[in-house]
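Structure file protein.csv with CSV, N, CA and C atoms:
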chain,number,residue,atom,x,y,z
A,84,LEU,N,0.0,-59.4,30.7
A,84,LEU,CA,-0.1,-60.6,29.9
A,84,LEU,C,0.1,-60.3,28.4
A,85,TYR,N,-0.8,-59.4,27.9
A,85,TYR,CA,-0.7,-59.0,26.5
A,85,TYR,C,-0.3,-57.5,26.4
A,86,ASP,N,0.6,-57.1,25.5
A,86,ASP,CA,1.1,-55.8,25.4
A,86,ASP,C,0.1,-54.9,24.6
A,87,GLU,N,-0.7,-54.1,25.2
A,87,GLU,CA,-1.7,-53.3,24.5
A,87,GLU,C,-0.9,-52.3,23.6
A,88,SER,N,0.3,-51.9,23.9
A,88,SER,CA,1.0,-50.8,23.2
A,88,SER,C,1.4,-51.4,21.8
A,89,LEU,N,1.4,-52.7,21.6
A,89,LEU,CA,1.7,-53.2,20.3
A,89,LEU,C,0.5,-53.1,19.3
A,90,VAL,N,-0.7,-52.8,19.8
A,90,VAL,CA,-1.9,-52.7,19.0
A,90,VAL,C,-2.0,-51.3,18.5
A,91,PRO,N,-2.1,-51.0,17.2
A,91,PRO,CA,-2.2,-49.6,16.8
A,91,PRO,C,-3.6,-49.0,17.3
A,92,VAL,N,-3.6,-47.7,17.5
A,92,VAL,CA,-4.9,-47.1,17.9
A,92,VAL,C,-5.9,-47.3,16.8
A,93,GLY,N,-7.1,-47.7,17.2
A,93,GLY,CA,-8.2,-48.0,16.3
A,93,GLY,C,-8.2,-49.4,15.7
A,94,SER,N,-7.3,-50.2,16.2
A,94,SER,CA,-7.2,-51.6,15.8
A,94,SER,C,-7.6,-52.6,16.9
A,95,ILE,N,-7.8,-53.8,16.5
A,95,ILE,CA,-8.1,-54.9,17.4
A,95,ILE,C,-7.2,-56.1,17.1
A,96,ALA,N,-6.7,-56.7,18.2
A,96,ALA,CA,-5.8,-57.9,18.1
A,96,ALA,C,-6.6,-59.1,18.7
A,97,ILE,N,-6.5,-60.2,18.0
A,97,ILE,CA,-7.1,-61.4,18.6
A,97,ILE,C,-6.0,-62.4,18.8
A,98,TYR,N,-5.9,-62.9,20.1
A,98,TYR,CA,-4.9,-63.9,20.5
A,98,TYR,C,-5.6,-65.2,20.7
A,99,VAL,N,-5.1,-66.3,20.2
A,99,VAL,CA,-5.5,-67.7,20.6
A,99,VAL,C,-4.9,-68.0,21.9
A,100,GLU,N,-5.6,-68.7,22.8
A,100,GLU,CA,-5.0,-69.1,24.1
A,100,GLU,C,-3.7,-69.7,23.9
A,101,GLY,N,-2.7,-69.2,24.7
A,101,GLY,CA,-1.4,-69.8,24.7
A,101,GLY,C,-0.4,-69.1,23.7
A,102,ALA,N,-1.0,-68.2,22.8
A,102,ALA,CA,-0.1,-67.6,21.8
A,102,ALA,C,0.4,-66.3,22.4
A,103,SER,N,1.7,-66.0,22.1
A,103,SER,CA,2.3,-64.7,22.5
A,103,SER,C,2.1,-63.6,21.6
A,104,LYS,N,1.8,-63.9,20.3
A,104,LYS,CA,1.5,-62.9,19.3
A,104,LYS,C,0.1,-63.0,18.8
A,105,PRO,N,-0.5,-61.9,18.4
A,105,PRO,CA,-1.9,-62.0,17.9
A,105,PRO,C,-1.9,-62.8,16.6
A,106,VAL,N,-3.0,-63.5,16.4
A,106,VAL,CA,-3.3,-64.2,15.2
A,106,VAL,C,-3.9,-63.4,14.1
A,107,PHE,N,-4.4,-62.2,14.6
A,107,PHE,CA,-5.2,-61.3,13.7
A,107,PHE,C,-5.1,-59.9,14.2
A,108,LEU,N,-4.9,-59.0,13.3
A,108,LEU,CA,-4.8,-57.6,13.7
A,108,LEU,C,-5.6,-56.9,12.6
A,109,SER,N,-6.7,-56.2,13.0
A,109,SER,CA,-7.5,-55.5,12.0
A,109,SER,C,-7.9,-54.1,12.5
A,110,SER,N,-8.0,-53.2,11.5
A,110,SER,CA,-8.5,-51.9,11.7
A,110,SER,C,-9.8,-51.7,10.9
A,111,GLU,N,-10.3,-52.8,10.4
A,111,GLU,CA,-11.5,-52.8,9.5
A,111,GLU,C,-12.7,-52.5,10.4
A,112,LYS,N,-13.8,-52.1,9.8
A,112,LYS,CA,-15.1,-51.8,10.5
A,112,LYS,C,-15.7,-53.1,11.1
A,113,GLU,N,-15.6,-54.2,10.3
A,113,GLU,CA,-16.1,-55.5,10.8
A,113,GLU,C,-15.5,-56.6,10.1
A,114,PHE,N,-15.5,-57.8,10.7
A,114,PHE,CA,-14.9,-59.0,10.1
A,114,PHE,C,-15.6,-60.2,10.7
A,115,ILE,N,-15.5,-61.3,10.0
A,115,ILE,CA,-16.1,-62.6,10.4
A,115,ILE,C,-15.0,-63.4,11.0
A,116,VAL,N,-15.4,-64.1,12.1
A,116,VAL,CA,-14.5,-65.1,12.7
A,116,VAL,C,-15.0,-66.5,12.3
A,117,GLY,N,-14.2,-67.4,11.8
A,117,GLY,CA,-14.7,-68.7,11.5
A,117,GLY,C,-13.6,-69.5,10.7
A,118,ARG,N,-14.1,-70.3,9.8
A,118,ARG,CA,-13.3,-71.2,8.9
A,118,ARG,C,-13.5,-70.8,7.5
A,119,LYS,N,-12.5,-70.4,6.8
A,119,LYS,CA,-12.7,-70.0,5.4
A,119,LYS,C,-12.6,-71.2,4.5
A,120,VAL,N,-13.7,-71.6,3.9
A,120,VAL,CA,-13.7,-72.8,3.0
A,120,VAL,C,-13.8,-72.4,1.5
A,121,GLU,N,-14.2,-71.2,1.2
A,121,GLU,CA,-14.3,-70.8,-0.2
A,121,GLU,C,-13.9,-69.3,-0.2
A,122,GLU,N,-13.6,-68.8,-1.4
A,122,GLU,CA,-13.3,-67.4,-1.6
A,122,GLU,C,-14.5,-66.6,-1.2
A,123,THR,N,-14.2,-65.5,-0.5
A,123,THR,CA,-15.3,-64.6,-0.1
A,123,THR,C,-14.7,-63.2,-0.1
A,124,SER,N,-15.6,-62.2,-0.3
A,124,SER,CA,-15.2,-60.8,-0.3
A,124,SER,C,-15.2,-60.2,1.1
A,125,GLN,N,-15.7,-61.0,2.0
A,125,GLN,CA,-15.8,-60.5,3.4
A,125,GLN,C,-14.4,-60.6,4.1
A,126,ILE,N,-14.1,-59.7,4.9
A,126,ILE,CA,-12.8,-59.8,5.7
A,126,ILE,C,-13.0,-60.8,6.7
A,127,MET,N,-12.1,-61.7,6.9
A,127,MET,CA,-12.3,-62.9,7.7
A,127,MET,C,-11.0,-63.3,8.5
A,128,LEU,N,-11.3,-63.6,9.7
A,128,LEU,CA,-10.3,-64.2,10.6
A,128,LEU,C,-10.5,-65.7,10.4
A,129,ASP,N,-9.6,-66.4,9.6
A,129,ASP,CA,-9.8,-67.8,9.3
A,129,ASP,C,-9.0,-68.6,10.4
A,130,LEU,N,-9.7,-69.3,11.2
A,130,LEU,CA,-9.0,-70.1,12.3
A,130,LEU,C,-8.9,-71.6,12.0
A,131,SER,N,-9.1,-71.9,10.7
A,131,SER,CA,-9.0,-73.3,10.3
A,131,SER,C,-7.6,-73.9,10.5
A,132,THR,N,-6.6,-73.1,10.3
A,132,THR,CA,-5.2,-73.5,10.4
A,132,THR,C,-4.8,-73.7,11.9
A,133,LEU,N,-5.6,-73.2,12.8
A,133,LEU,CA,-5.3,-73.3,14.3
A,133,LEU,C,-6.2,-74.4,14.9
A,134,GLY,N,-6.7,-75.3,14.1
A,134,GLY,CA,-7.6,-76.4,14.7
A,134,GLY,C,-9.0,-76.0,14.8
A,135,GLY,N,-9.5,-75.0,14.0
A,135,GLY,CA,-10.9,-74.5,14.1
A,135,GLY,C,-11.9,-75.6,13.8
A,136,TYR,N,-11.6,-76.5,12.8
A,136,TYR,CA,-12.6,-77.5,12.5
A,136,TYR,C,-12.7,-78.5,13.7
A,137,HIS,N,-11.5,-79.0,14.2
A,137,HIS,CA,-11.5,-80.0,15.3
A,137,HIS,C,-12.1,-79.4,16.6
A,138,LEU,N,-12.0,-78.1,16.8
A,138,LEU,CA,-12.5,-77.4,18.0
A,138,LEU,C,-14.0,-77.0,17.8
A,139,GLY,N,-14.6,-77.3,16.7
A,139,GLY,CA,-16.0,-77.1,16.6
A,139,GLY,C,-16.4,-75.7,16.0
A,140,LEU,N,-15.5,-75.0,15.4
A,140,LEU,CA,-15.8,-73.7,14.9
A,140,LEU,C,-16.7,-73.8,13.6
A,141,SER,N,-17.7,-73.0,13.5
A,141,SER,CA,-18.5,-72.9,12.3
A,141,SER,C,-17.8,-72.1,11.3
A,142,ARG,N,-18.2,-72.3,10.0
A,142,ARG,CA,-17.5,-71.5,8.9
A,142,ARG,C,-17.7,-70.0,9.1
A,143,LEU,N,-19.0,-69.6,9.4
A,143,LEU,CA,-19.3,-68.2,9.7
A,143,LEU,C,-19.8,-68.2,11.2
A,144,HIS,N,-18.8,-68.1,12.1
A,144,HIS,CA,-19.1,-68.4,13.5
A,144,HIS,C,-19.6,-67.1,14.2
A,145,ALA,N,-18.8,-66.0,14.1
A,145,ALA,CA,-19.2,-64.8,14.8
A,145,ALA,C,-18.8,-63.6,13.9
A,146,LEU,N,-19.3,-62.4,14.3
A,146,LEU,CA,-19.0,-61.2,13.6
A,146,LEU,C,-18.5,-60.2,14.7
A,147,ILE,N,-17.4,-59.6,14.4
A,147,ILE,CA,-16.9,-58.5,15.3
A,147,ILE,C,-16.9,-57.2,14.6
A,148,ARG,N,-17.5,-56.2,15.2
A,148,ARG,CA,-17.8,-54.9,14.5
A,148,ARG,C,-17.4,-53.8,15.4
A,149,ARG,N,-16.7,-52.8,14.8
A,149,ARG,CA,-16.4,-51.6,15.5
A,149,ARG,C,-17.6,-50.8,15.8
A,150,THR,N,-17.6,-50.2,17.0
A,150,THR,CA,-18.7,-49.3,17.4
A,150,THR,C,-18.1,-47.9,17.7
A,151,GLY,N,-18.9,-47.0,18.1
A,151,GLY,CA,-18.4,-45.6,18.4
A,151,GLY,C,-17.4,-45.6,19.6
A,152,THR,N,-17.5,-46.6,20.5
A,152,THR,CA,-16.6,-46.6,21.7
A,152,THR,C,-15.7,-47.8,21.8
A,153,GLY,N,-15.9,-48.8,20.9
A,153,GLY,CA,-15.0,-49.9,21.0
A,153,GLY,C,-15.4,-51.0,19.9
A,154,TYR,N,-15.8,-52.2,20.4
A,154,TYR,CA,-16.2,-53.2,19.5
A,154,TYR,C,-17.4,-54.0,20.1
A,155,GLU,N,-18.1,-54.8,19.3
A,155,GLU,CA,-19.1,-55.6,19.7
A,155,GLU,C,-19.0,-57.0,19.0
A,156,ILE,N,-19.5,-58.0,19.6
A,156,ILE,CA,-19.5,-59.3,18.9
A,156,ILE,C,-20.9,-59.9,18.8
A,157,MET,N,-21.1,-60.6,17.7
A,157,MET,CA,-22.4,-61.3,17.5
A,157,MET,C,-22.2,-62.7,17.0
A,158,ASP,N,-22.8,-63.7,17.7
A,158,ASP,CA,-22.8,-65.0,17.2
A,158,ASP,C,-23.7,-65.1,16.0
A,159,LEU,N,-23.2,-65.8,14.9
A,159,LEU,CA,-23.9,-65.8,13.6
A,159,LEU,C,-24.8,-67.1,13.5
A,160,GLY,N,-25.3,-67.6,14.6
A,160,GLY,CA,-26.0,-68.8,14.6
A,160,GLY,C,-25.1,-70.1,14.5
A,161,SER,N,-24.0,-70.0,15.1
A,161,SER,CA,-23.0,-71.1,15.1
A,161,SER,C,-23.6,-72.4,15.7
A,162,SER,N,-23.1,-73.5,15.2
A,162,SER,CA,-23.5,-74.8,15.8
A,162,SER,C,-23.2,-75.0,17.2
A,163,ASN,N,-22.0,-74.6,17.6
A,163,ASN,CA,-21.5,-74.9,18.9
A,163,ASN,C,-21.3,-73.8,19.9
A,164,GLY,N,-21.9,-72.6,19.5
A,164,GLY,CA,-22.0,-71.5,20.4
A,164,GLY,C,-20.8,-70.6,20.6
A,165,THR,N,-21.0,-69.4,21.1
A,165,THR,CA,-20.0,-68.4,21.4
A,165,THR,C,-20.2,-67.9,22.9
A,166,TRP,N,-19.1,-67.8,23.6
A,166,TRP,CA,-19.2,-67.3,25.0
A,166,TRP,C,-18.3,-66.1,25.1
A,167,LEU,N,-18.8,-65.1,25.9
A,167,LEU,CA,-18.1,-63.9,26.2
A,167,LEU,C,-17.9,-63.8,27.7
A,168,ASN,N,-16.7,-64.0,28.1
A,168,ASN,CA,-16.4,-64.0,29.6
A,168,ASN,C,-17.3,-65.0,30.3
A,169,ASP,N,-17.4,-66.2,29.8
A,169,ASP,CA,-18.2,-67.3,30.3
A,169,ASP,C,-19.7,-67.1,30.2
A,170,GLU,N,-20.2,-66.1,29.5
A,170,GLU,CA,-21.7,-66.0,29.3
A,170,GLU,C,-22.0,-66.4,27.8
A,171,ARG,N,-22.9,-67.4,27.7
A,171,ARG,CA,-23.2,-67.8,26.3
A,171,ARG,C,-24.0,-66.8,25.6
A,172,LEU,N,-23.7,-66.5,24.4
A,172,LEU,CA,-24.3,-65.4,23.7
A,172,LEU,C,-25.6,-66.0,23.0
A,173,VAL,N,-26.6,-65.1,22.9
A,173,VAL,CA,-27.8,-65.4,22.1
A,173,VAL,C,-27.4,-65.1,20.7
A,174,ALA,N,-27.7,-66.0,19.7
A,174,ALA,CA,-27.4,-65.8,18.3
A,174,ALA,C,-28.0,-64.5,17.8
A,175,HIS,N,-27.3,-63.8,16.9
A,175,HIS,CA,-27.8,-62.7,16.2
A,175,HIS,C,-28.1,-61.5,17.1
A,176,LYS,N,-27.5,-61.5,18.3
A,176,LYS,CA,-27.7,-60.3,19.2
A,176,LYS,C,-26.3,-59.8,19.5
A,177,PRO,N,-26.1,-58.4,19.3
A,177,PRO,CA,-24.8,-57.9,19.5
A,177,PRO,C,-24.5,-57.7,21.0
A,178,TYR,N,-23.3,-58.0,21.4
A,178,TYR,CA,-22.8,-57.8,22.8
A,178,TYR,C,-21.6,-56.9,22.8
A,179,PRO,N,-21.5,-56.0,23.8
A,179,PRO,CA,-20.3,-55.1,23.8
A,179,PRO,C,-19.0,-56.0,24.1
A,180,LEU,N,-18.0,-55.7,23.5
A,180,LEU,CA,-16.7,-56.5,23.6
A,180,LEU,C,-15.7,-55.5,24.3
A,181,THR,N,-15.5,-55.7,25.5
A,181,THR,CA,-14.5,-54.8,26.2
A,181,THR,C,-13.1,-55.3,26.0
A,182,ASN,N,-12.2,-54.3,26.1
A,182,ASN,CA,-10.8,-54.6,26.0
A,182,ASN,C,-10.4,-55.7,27.0
A,183,GLY,N,-9.7,-56.7,26.6
A,183,GLY,CA,-9.3,-57.8,27.5
A,183,GLY,C,-10.3,-58.9,27.6
A,184,SER,N,-11.4,-58.8,26.9
A,184,SER,CA,-12.4,-59.9,26.9
A,184,SER,C,-11.9,-61.2,26.6
A,185,GLN,N,-12.4,-62.3,27.2
A,185,GLN,CA,-12.1,-63.6,26.8
A,185,GLN,C,-13.3,-64.2,26.0
A,186,LEU,N,-13.0,-64.8,24.9
A,186,LEU,CA,-14.0,-65.4,24.1
A,186,LEU,C,-13.8,-66.9,24.0
A,187,ARG,N,-14.9,-67.6,23.9
A,187,ARG,CA,-14.8,-69.0,23.6
A,187,ARG,C,-15.7,-69.3,22.4
A,188,LEU,N,-15.2,-69.7,21.3
A,188,LEU,CA,-15.9,-70.0,20.1
A,188,LEU,C,-15.9,-71.5,20.0
A,189,ALA,N,-17.0,-72.2,20.3
A,189,ALA,CA,-17.0,-73.6,20.4
A,189,ALA,C,-16.0,-74.0,21.5
A,190,ARG,N,-15.0,-74.7,21.2
A,190,ARG,CA,-14.0,-75.1,22.2
A,190,ARG,C,-12.7,-74.3,22.0
A,191,MET,N,-12.6,-73.3,21.2
A,191,MET,CA,-11.4,-72.5,21.0
A,191,MET,C,-11.5,-71.2,21.9
A,192,ARG,N,-10.5,-71.0,22.6
A,192,ARG,CA,-10.4,-69.8,23.5
A,192,ARG,C,-9.6,-68.7,22.9
A,193,LEU,N,-10.1,-67.5,22.9
A,193,LEU,CA,-9.4,-66.4,22.4
A,193,LEU,C,-9.5,-65.2,23.4
A,194,PHE,N,-8.5,-64.3,23.2
A,194,PHE,CA,-8.5,-63.1,24.0
A,194,PHE,C,-8.5,-61.9,23.0
A,195,VAL,N,-9.1,-60.8,23.5
A,195,VAL,CA,-9.2,-59.6,22.6
A,195,VAL,C,-8.5,-58.4,23.3
A,196,VAL,N,-7.7,-57.8,22.5
A,196,VAL,CA,-7.0,-56.6,23.0
A,196,VAL,C,-7.2,-55.5,21.9
A,197,TYR,N,-7.7,-54.3,22.3
A,197,TYR,CA,-7.8,-53.2,21.3
A,197,TYR,C,-7.5,-51.9,22.0
A,198,ARG,N,-7.2,-50.9,21.1
A,198,ARG,CA,-7.0,-49.6,21.5
A,198,ARG,C,-8.0,-48.7,20.8
A,199,PRO,N,-9.1,-48.3,21.5
A,199,PRO,CA,-10.1,-47.5,20.8
A,199,PRO,C,-9.5,-46.1,20.3
A,200,VAL,N,-10.2,-45.6,19.3
A,200,VAL,CA,-9.8,-44.3,18.8
A,200,VAL,C,-10.3,-43.3,19.8
A,201,PRO,N,-9.5,-42.4,20.3
A,201,PRO,CA,-9.9,-41.5,21.4
A,201,PRO,C,-11.1,-40.6,20.8
A,202,GLU,N,-12.1,-40.4,21.6
A,202,GLU,CA,-13.2,-39.6,21.2
A,202,GLU,C,-12.8,-38.2,21.2
A,203,THR,N,-13.2,-37.4,20.2
A,203,THR,CA,-12.8,-36.0,20.1
A,203,THR,C,-14.0,-35.2,20.8
A,204,LYS,N,-13.5,-34.3,21.6
A,204,LYS,CA,-14.5,-33.5,22.3
A,204,LYS,C,-14.9,-32.3,21.3
A,205,SER,N,-16.2,-32.2,21.2
A,205,SER,CA,-16.7,-31.1,20.3
A,205,SER,C,-16.9,-29.9,21.2
A,206,ASN,N,-16.6,-28.7,20.7
A,206,ASN,CA,-16.8,-27.5,21.4
A,206,ASN,C,-18.0,-26.7,20.9
A,207,ASN,N,-19.1,-26.7,21.6
A,207,ASN,CA,-20.3,-26.1,21.1
A,207,ASN,C,-20.5,-24.7,21.7
A,208,ASN,N,-19.5,-23.9,21.8
A,208,ASN,CA,-19.6,-22.6,22.4
A,208,ASN,C,-19.8,-21.5,21.3
Output the file's structure as structure tokens, nothing else.
Amino acid sequence: LYDESLVPVGSIAIYVEGASKPVFLSSEKEFIVGRKVEETSQIMLDLSTLGGYHLGLSRLHALIRRTGTGYEIMDLGSSNGTWLNDERLVAHKPYPLTNGSQLRLARMRLFVVYRPVPETKSNNN
């Protein structure tokens, strides 16, 4: 369905349902998903141009953060909720985000594809 090889190692791609290309590609440590209404220094995936307001997206809806093994997502107290693979998230609690996860932010459906940085094996001999 989505070509993982197009995503650079250590990066994450976010697809909106029905899109053939990612709407966001990031190698940053963390970023906010929502609707950008004013200038901010935070790295942000602004979904307002894709109907975010009409689909119930909060300005600061969710946070996606890189972890040692992949990514995690945390709802930031959004008005209309966040779902990960049909499970509603508890606000301000991080959840592991697996490659190929389906997200629903309010009524907007997204898919996540990433290629984790391979873990280096340490040799303690």
For this session: For Lys119 (chain A), please output as a PyMOL selection string all residues within 7 Å (counting only C-alpha atoms; exclusion window: fewer than 5 positions along the same chain).
Result: chain A and resi 129+131+142
For this session: Measuring atom to atom with only C-alpha atoms, identify which of A:Ala145, A:Ala102, A:Leu89, A:Leu140 is nearest to Ala189 (chain A).
Result: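 Using only C-alpha atoms, Ala189 (chain A) sits closest to A:Leu140.
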For this session: Identify, on the basis of all atoms listed in the file, every residue whose closest approach to Lys112 (chain A) does not exceed 8 Å; exclude the query and any residue fewer than 3 positions from it along the same chain; express the result as JSON, numbers by chain.
Result: {"A": [109, 147, 148, 149, 150]}
For this session: Quote the spacing between atom C of Leu143 (chain A) and atom C of Ile115 (chain A) in Å to one decimal place.
Result: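 Interatomic distance, atom C of Leu143 (chain A) to atom C of Ile115 (chain A): 6.8 Å.
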For this session: Grab the atom C of Thr123 (chain A) to atom C of Ile95 (chain A) distance for me, in Å with one decimal place.
Result: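 Spanning atom C of Thr123 (chain A) to atom C of Ile95 (chain A) is a straight-line distance of 20.1 Å.
The gap separating CA of Met191 (chain A) from CA of Val99 (chain A) is 7.6 Å, in Å to one decimal.
Closest approach to Asp158 (chain A) among A:Ala174, A:Ser110, A:Leu128, A:Gly183 is made by A:Ala174 (distances from only N, CA and C atoms).
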For this session: Just the residues within 6.5 Å of Pro177 (chain A), please, counting all atoms listed in the file, with nothing from its chain fewer than 3 positions along; format it as a VMD selection string.
Result: chain A and resid 155 to 158
Exercise. Per DSSP on the backbone, what are the strand (DSSP E or B) residues of chain A, as a ChimeraX atom specification?
Worked result: /A:94-99,107-109,113-117,127-129,143-149,154-158,165-167,170-171,178-180,185-188,191-198
Restricting it to N, CA and C atoms, dump the selection as a compact mmCIF listing (two decimals), in the frame of the given file.
# COMPACT_ATOMS: atom_id res chain seq x y z
N SER A 94 -7.30 -50.20 16.20
CA SER A 94 -7.20 -51.60 15.80
C SER A 94 -7.60 -52.60 16.90
N ILE A 95 -7.80 -53.80 16.50
CA ILE A 95 -8.10 -54.90 17.40
C ILE A 95 -7.20 -56.10 17.10
N ALA A 96 -6.70 -56.70 18.20
CA ALA A 96 -5.80 -57.90 18.10
C ALA A 96 -6.60 -59.10 18.70
N ILE A 97 -6.50 -60.20 18.00
CA ILE A 97 -7.10 -61.40 18.60
C ILE A 97 -6.00 -62.40 18.80
N TYR A 98 -5.90 -62.90 20.10
CA TYR A 98 -4.90 -63.90 20.50
C TYR A 98 -5.60 -65.20 20.70
N VAL A 99 -5.10 -66.30 20.20
CA VAL A 99 -5.50 -67.70 20.60
C VAL A 99 -4.90 -68.00 21.90
N PHE A 107 -4.40 -62.20 14.60
CA PHE A 107 -5.20 -61.30 13.70
C PHE A 107 -5.10 -59.90 14.20
N LEU A 108 -4.90 -59.00 13.30
CA LEU A 108 -4.80 -57.60 13.70
C LEU A 108 -5.60 -56.90 12.60
N SER A 109 -6.70 -56.20 13.00
CA SER A 109 -7.50 -55.50 12.00
C SER A 109 -7.90 -54.10 12.50
N GLU A 113 -15.60 -54.20 10.30
CA GLU A 113 -16.10 -55.50 10.80
C GLU A 113 -15.50 -56.60 10.10
N PHE A 114 -15.50 -57.80 10.70
CA PHE A 114 -14.90 -59.00 10.10
C PHE A 114 -15.60 -60.20 10.70
N ILE A 115 -15.50 -61.30 10.00
CA ILE A 115 -16.10 -62.60 10.40
C ILE A 115 -15.00 -63.40 11.00
N VAL A 116 -15.40 -64.10 12.10
CA VAL A 116 -14.50 -65.10 12.70
C VAL A 116 -15.00 -66.50 12.30
N GLY A 117 -14.20 -67.40 11.80
CA GLY A 117 -14.70 -68.70 11.50
C GLY A 117 -13.60 -69.50 10.70
N MET A 127 -12.10 -61.70 6.90
CA MET A 127 -12.30 -62.90 7.70
C MET A 127 -11.00 -63.30 8.50
N LEU A 128 -11.30 -63.60 9.70
CA LEU A 128 -10.30 -64.20 10.60
C LEU A 128 -10.50 -65.70 10.40
N ASP A 129 -9.60 -66.40 9.60
CA ASP A 129 -9.80 -67.80 9.30
C ASP A 129 -9.00 -68.60 10.40
N LEU A 143 -19.00 -69.60 9.40
CA LEU A 143 -19.30 -68.20 9.70
C LEU A 143 -19.80 -68.20 11.20
N HIS A 144 -18.80 -68.10 12.10
CA HIS A 144 -19.10 -68.40 13.50
C HIS A 144 -19.60 -67.10 14.20
N ALA A 145 -18.80 -66.00 14.10
CA ALA A 145 -19.20 -64.80 14.80
C ALA A 145 -18.80 -63.60 13.90
N LEU A 146 -19.30 -62.40 14.30
CA LEU A 146 -19.00 -61.20 13.60
C LEU A 146 -18.50 -60.20 14.70
N ILE A 147 -17.40 -59.60 14.40
CA ILE A 147 -16.90 -58.50 15.30
C ILE A 147 -16.90 -57.20 14.60
N ARG A 148 -17.50 -56.20 15.20
CA ARG A 148 -17.80 -54.90 14.50
C ARG A 148 -17.40 -53.80 15.40
N ARG A 149 -16.70 -52.80 14.80
CA ARG A 149 -16.40 -51.60 15.50
C ARG A 149 -17.60 -50.80 15.80
N TYR A 154 -15.80 -52.20 20.40
CA TYR A 154 -16.20 -53.20 19.50
C TYR A 154 -17.40 -54.00 20.10
N GLU A 155 -18.10 -54.80 19.30
CA GLU A 155 -19.10 -55.60 19.70
C GLU A 155 -19.00 -57.00 19.00
N ILE A 156 -19.50 -58.00 19.60
CA ILE A 156 -19.50 -59.30 18.90
C ILE A 156 -20.90 -59.90 18.80
N MET A 157 -21.10 -60.60 17.70
CA MET A 157 -22.40 -61.30 17.50
C MET A 157 -22.20 -62.70 17.00
N ASP A 158 -22.80 -63.70 17.70
CA ASP A 158 -22.80 -65.00 17.20
C ASP A 158 -23.70 -65.10 16.00
N THR A 165 -21.00 -69.40 21.10
CA THR A 165 -20.00 -68.40 21.40
C THR A 165 -20.20 -67.90 22.90
N TRP A 166 -19.10 -67.80 23.60
CA TRP A 166 -19.20 -67.30 25.00
C TRP A 166 -18.30 -66.10 25.10
N LEU A 167 -18.80 -65.10 25.90
CA LEU A 167 -18.10 -63.90 26.20
C LEU A 167 -17.90 -63.80 27.70
N GLU A 170 -20.20 -66.10 29.50
CA GLU A 170 -21.70 -66.00 29.30
C GLU A 170 -22.00 -66.40 27.80
N ARG A 171 -22.90 -67.40 27.70
CA ARG A 171 -23.20 -67.80 26.30
C ARG A 171 -24.00 -66.80 25.60
N TYR A 178 -23.30 -58.00 21.40
CA TYR A 178 -22.80 -57.80 22.80
C TYR A 178 -21.60 -56.90 22.80
N PRO A 179 -21.50 -56.00 23.80
CA PRO A 179 -20.30 -55.10 23.80
C PRO A 179 -19.00 -56.00 24.10
N LEU A 180 -18.00 -55.70 23.50
CA LEU A 180 -16.70 -56.50 23.60
C LEU A 180 -15.70 -55.50 24.30
N GLN A 185 -12.40 -62.30 27.20
CA GLN A 185 -12.10 -63.60 26.80
C GLN A 185 -13.30 -64.20 26.00
N LEU A 186 -13.00 -64.80 24.90
CA LEU A 186 -14.00 -65.40 24.10
C LEU A 186 -13.80 -66.90 24.00
N ARG A 187 -14.90 -67.60 23.90
CA ARG A 187 -14.80 -69.00 23.60
C ARG A 187 -15.70 -69.30 22.40
N LEU A 188 -15.20 -69.70 21.30
CA LEU A 188 -15.90 -70.00 20.10
C LEU A 188 -15.90 -71.50 20.00
N MET A 191 -12.60 -73.30 21.20
CA MET A 191 -11.40 -72.50 21.00
C MET A 191 -11.50 -71.20 21.90
N ARG A 192 -10.50 -71.00 22.60
CA ARG A 192 -10.40 -69.80 23.50
C ARG A 192 -9.60 -68.70 22.90
N LEU A 193 -10.10 -67.50 22.90
CA LEU A 193 -9.40 -66.40 22.40
C LEU A 193 -9.50 -65.20 23.40
N PHE A 194 -8.50 -64.30 23.20
CA PHE A 194 -8.50 -63.10 24.00
C PHE A 194 -8.50 -61.90 23.00
N VAL A 195 -9.10 -60.80 23.50
CA VAL A 195 -9.20 -59.60 22.60
C VAL A 195 -8.50 -58.40 23.30
N VAL A 196 -7.70 -57.80 22.50
CA VAL A 196 -7.00 -56.60 23.00
C VAL A 196 -7.20 -55.50 21.90
N TYR A 197 -7.70 -54.30 22.30
CA TYR A 197 -7.80 -53.20 21.30
C TYR A 197 -7.50 -51.90 22.00
N ARG A 198 -7.20 -50.90 21.10
CA ARG A 198 -7.00 -49.60 21.50
C ARG A 198 -8.00 -48.70 20.80
Shell of 6 Å around Ala96 (chain A), all atoms listed in the file, local chain residues under 2 positions omitted, as a compact mmCIF listing (two decimals) with N, CA and C atoms, in the frame of the given file:
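The result, stored in out-v7.txt:
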# COMPACT_ATOMS: atom_id res chain seq x y z
N SER A 94 -7.30 -50.20 16.20
CA SER A 94 -7.20 -51.60 15.80
C SER A 94 -7.60 -52.60 16.90
N TYR A 98 -5.90 -62.90 20.10
CA TYR A 98 -4.90 -63.90 20.50
C TYR A 98 -5.60 -65.20 20.70
N PRO A 105 -0.50 -61.90 18.40
CA PRO A 105 -1.90 -62.00 17.90
C PRO A 105 -1.90 -62.80 16.60
N PHE A 107 -4.40 -62.20 14.60
CA PHE A 107 -5.20 -61.30 13.70
C PHE A 107 -5.10 -59.90 14.20
N LEU A 108 -4.90 -59.00 13.30
CA LEU A 108 -4.80 -57.60 13.70
C LEU A 108 -5.60 -56.90 12.60
N SER A 109 -6.70 -56.20 13.00
CA SER A 109 -7.50 -55.50 12.00
C SER A 109 -7.90 -54.10 12.50
N PHE A 194 -8.50 -64.30 23.20
CA PHE A 194 -8.50 -63.10 24.00
C PHE A 194 -8.50 -61.90 23.00
N VAL A 195 -9.10 -60.80 23.50
CA VAL A 195 -9.20 -59.60 22.60
C VAL A 195 -8.50 -58.40 23.30
N VAL A 196 -7.70 -57.80 22.50
CA VAL A 196 -7.00 -56.60 23.00
C VAL A 196 -7.20 -55.50 21.90
N TYR A 197 -7.70 -54.30 22.30
CA TYR A 197 -7.80 -53.20 21.30
C TYR A 197 -7.50 -51.90 22.00
For this session: Write down as a ChimeraX atom specification the residues of chain A whose backbone DSSP state falls under helix (DSSP H, G or I).
Result: /A:87-89,131-133
